[in-house]
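Content type mmCIF, C-alpha atoms, from the file target_33.cif:
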data_query
#
loop_
_atom_site.group_PDB
_atom_site.id
_atom_site.type_symbol
_atom_site.label_atom_id
_atom_site.label_comp_id
_atom_site.auth_asym_id
_atom_site.auth_seq_id
_atom_site.Cartn_x
_atom_site.Cartn_y
_atom_site.Cartn_z
ATOM 1 C CA MET A 1 95.539 151.223 62.827
ATOM 2 C CA SER A 2 92.717 148.774 62.507
ATOM 3 C CA GLU A 3 95.140 146.046 61.436
ATOM 4 C CA VAL A 4 97.249 146.657 64.551
ATOM 5 C CA ARG A 5 94.171 146.416 66.749
ATOM 6 C CA VAL A 6 93.118 143.161 65.112
ATOM 7 C CA GLU A 7 96.616 141.748 65.552
ATOM 8 C CA GLY A 8 96.650 142.825 69.203
ATOM 9 C CA PHE A 9 93.206 141.333 69.719
ATOM 10 C CA LEU A 10 94.280 138.023 68.179
ATOM 11 C CA GLN A 11 97.433 137.992 70.273
ATOM 12 C CA THR A 12 95.424 138.663 73.442
ATOM 13 C CA MET A 13 92.921 135.932 72.592
ATOM 14 C CA SER A 14 95.729 133.533 71.800
ATOM 15 C CA SER A 15 97.421 134.301 75.111
ATOM 16 C CA GLN A 16 94.171 133.878 77.012
ATOM 17 C CA ARG A 17 93.475 130.565 75.289
ATOM 18 C CA ALA A 18 96.995 129.328 76.003
ATOM 19 C CA GLU A 19 96.629 130.314 79.668
ATOM 20 C CA ALA A 20 93.263 128.546 79.894
ATOM 21 C CA LEU A 21 94.768 125.397 78.369
ATOM 22 C CA ARG A 22 97.746 125.575 80.737
ATOM 23 C CA ALA A 23 95.467 125.993 83.750
ATOM 24 C CA GLY A 24 93.312 123.072 82.608
ATOM 25 C CA LEU A 25 96.336 120.833 82.106
ATOM 26 C CA GLU A 26 97.742 121.853 85.470
ATOM 27 C CA ALA A 27 94.439 120.965 87.156
ATOM 28 C CA ASP A 28 94.343 117.612 85.332
ATOM 29 C CA LEU A 29 97.918 116.839 86.377
ATOM 30 C CA GLN A 30 97.165 117.725 89.993
ATOM 31 C CA ALA A 31 94.058 115.519 89.989
ATOM 32 C CA ALA A 32 96.006 112.634 88.423
ATOM 33 C CA TRP A 33 98.785 113.074 90.984
ATOM 34 C CA GLU A 34 96.330 112.986 93.896
ATOM 35 C CA LYS A 35 94.556 109.952 92.449
ATOM 36 C CA GLY A 36 97.900 108.179 92.016
ATOM 37 C CA VAL A 37 98.947 108.965 95.586
ATOM 38 C CA GLU A 38 95.672 107.575 96.938
ATOM 39 C CA ALA A 39 95.970 104.448 94.787
ATOM 40 C CA GLY A 40 99.544 103.966 95.977
ATOM 41 C CA LYS A 41 98.531 104.312 99.621
ATOM 42 C CA SER A 42 95.707 101.843 99.167
ATOM 43 C CA GLU A 43 97.984 99.339 97.443
ATOM 44 C CA GLY A 44 100.648 99.780 100.122
ATOM 45 C CA ILE A 45 98.165 99.194 102.918
ATOM 46 C CA SER A 46 96.822 96.073 101.206
ATOM 47 C CA GLU A 47 100.345 94.739 100.676
ATOM 48 C CA GLY A 48 101.251 95.436 104.307
ATOM 49 C CA GLU A 49 98.150 93.665 105.579
ATOM 50 C CA PHE A 50 98.895 90.672 103.362
ATOM 51 C CA ARG A 51 102.485 90.446 104.570
ATOM 52 C CA GLY A 52 101.398 90.801 108.180
ATOM 53 C CA ARG A 53 98.875 87.972 107.882
ATOM 54 C CA LYS A 54 101.481 85.806 106.152
ATOM 55 C CA GLN A 55 104.047 86.449 108.896
ATOM 56 C CA GLY A 56 101.426 85.701 111.556
ATOM 57 C CA VAL A 57 100.532 82.362 109.982
ATOM 58 C CA ILE A 58 104.197 81.404 109.722
ATOM 59 C CA ARG A 59 104.847 82.421 113.331
ATOM 60 C CA VAL A 60 101.941 80.306 114.588
ATOM 61 C CA ALA A 61 103.025 77.369 112.429
ATOM 62 C CA MET A 62 106.565 77.625 113.821
ATOM 63 C CA ASN A 63 105.267 77.731 117.401
ATOM 64 C CA LEU A 64 103.141 74.653 116.778
ATOM 65 C CA LEU A 65 106.080 72.798 115.255
ATOM 66 C CA ARG A 66 108.303 73.726 118.217
ATOM 67 C CA ALA A 67 105.560 72.516 120.577
ATOM 68 C CA GLY A 68 105.747 69.109 118.920
ATOM 69 C CA PHE A 69 102.594 69.066 116.805
ATOM 70 C CA ASP A 70 102.766 66.817 113.757
ATOM 71 C CA THR A 71 103.097 68.427 110.349
ATOM 72 C CA ALA A 72 99.603 67.393 109.205
ATOM 73 C CA ALA A 73 97.983 69.161 112.174
ATOM 74 C CA VAL A 74 100.151 72.258 111.679
ATOM 75 C CA ALA A 75 99.365 72.310 107.959
ATOM 76 C CA LYS A 76 95.645 72.104 108.666
ATOM 77 C CA ALA A 77 95.768 74.820 111.348
ATOM 78 C CA ALA A 78 97.884 77.146 109.187
ATOM 79 C CA GLU A 79 95.949 76.331 106.018
ATOM 80 C CA LEU A 80 99.226 75.648 104.235
ATOM 81 C CA PRO A 81 100.355 72.585 102.285
ATOM 82 C CA GLU A 82 102.294 70.047 104.331
ATOM 83 C CA PRO A 83 105.442 70.345 102.140
ATOM 84 C CA ILE A 84 105.640 74.031 103.045
ATOM 85 C CA ILE A 85 105.348 73.185 106.735
ATOM 86 C CA ARG A 86 108.160 70.643 106.358
ATOM 87 C CA LYS A 87 110.289 73.258 104.559
ATOM 88 C CA LEU A 88 109.650 75.780 107.361
ATOM 89 C CA ALA A 89 110.744 73.214 109.918
ATOM 90 C CA GLN A 90 113.852 72.313 107.917
ATOM 91 C CA ASP A 91 114.832 75.960 107.343
ATOM 92 C CA ASN A 92 114.515 76.693 111.070
ATOM 93 C CA GLY A 93 116.331 73.638 112.374
ATOM 94 C CA ILE A 94 113.269 71.879 113.738
ATOM 95 C CA THR A 95 113.643 68.112 113.610
ATOM 96 C CA LEU A 96 110.495 66.334 112.550
ATOM 97 C CA PRO A 97 109.641 62.794 113.661
#
Would you write out, as structure tokens, the structure that this file holds?
Amino acid sequence: MSEVRVEGFLQTMSSQRAEALRAGLEADLQAAWEKGVEAGKSEGISEGEFRGRKQGVIRVAMNLLRAGFDTAAVAKAAELPEPIIRKLAQDNGITLP
């Protein structure tokens, strides 16, 4: 009878330990998931802000080119290299002097 009780005790302890490990792993996974979601949101917001600024600079550069500003002035205002300004003009059908 004593052997049966010891076996039952060991089985109970083993089950409790397995449950504790499972609960710990589940908590770790949940924490990692939440951390990953927050990191993804942060990265997405940063990427969106970057793209928005880039589009804004290009839009202003295009408006300046259409208004007749020379490429050097547009490049300085947009803080972009002059070859990029010329490429923007070419790609959008703006004839440069």
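Interatomic distance, atom CA of Glu7 of chain A against atom CA of Leu21 of chain A: 20.9 Å.
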Convert the output of the PyMOL selection byres ((chain A and resi 84-90) around 9) on the shown file into explicit residues, formatted as a short mmCIF file (atom, residue, chain, number, x, y, z; two decimals) with C-alpha atoms, keeping the file's coordinate frame.
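Result file follows (result_23.cif):
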data_model
loop_
_atom_site.label_atom_id
_atom_site.label_comp_id
_atom_site.auth_asym_id
_atom_site.auth_seq_id
_atom_site.Cartn_x
_atom_site.Cartn_y
_atom_site.Cartn_z
CA ILE A 58 104.20 81.40 109.72
CA ALA A 61 103.02 77.37 112.43
CA MET A 62 106.56 77.62 113.82
CA LEU A 65 106.08 72.80 115.26
CA ARG A 66 108.30 73.73 118.22
CA THR A 71 103.10 68.43 110.35
CA ALA A 72 99.60 67.39 109.20
CA VAL A 74 100.15 72.26 111.68
CA ALA A 75 99.36 72.31 107.96
CA ALA A 78 97.88 77.15 109.19
CA LEU A 80 99.23 75.65 104.24
CA PRO A 81 100.36 72.58 102.28
CA GLU A 82 102.29 70.05 104.33
CA PRO A 83 105.44 70.34 102.14
CA ASP A 91 114.83 75.96 107.34
CA ASN A 92 114.52 76.69 111.07
CA GLY A 93 116.33 73.64 112.37
CA ILE A 94 113.27 71.88 113.74
CA THR A 95 113.64 68.11 113.61
CA LEU A 96 110.50 66.33 112.55
#
Box for segment 71-84 of chain A - axis-aligned, 5 Å on each of the six sides, all listed atoms - centre and size in Å to one decimal, as AutoDock Vina command-line options.
--center_x 100.6 --center_y 72.3 --center_z 107.2 --size_x 20.0 --size_y 19.8 --size_z 20.0
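Atom CA of Glu38 of chain A lies 22.7 Å from atom CA of Ala23 of chain A.
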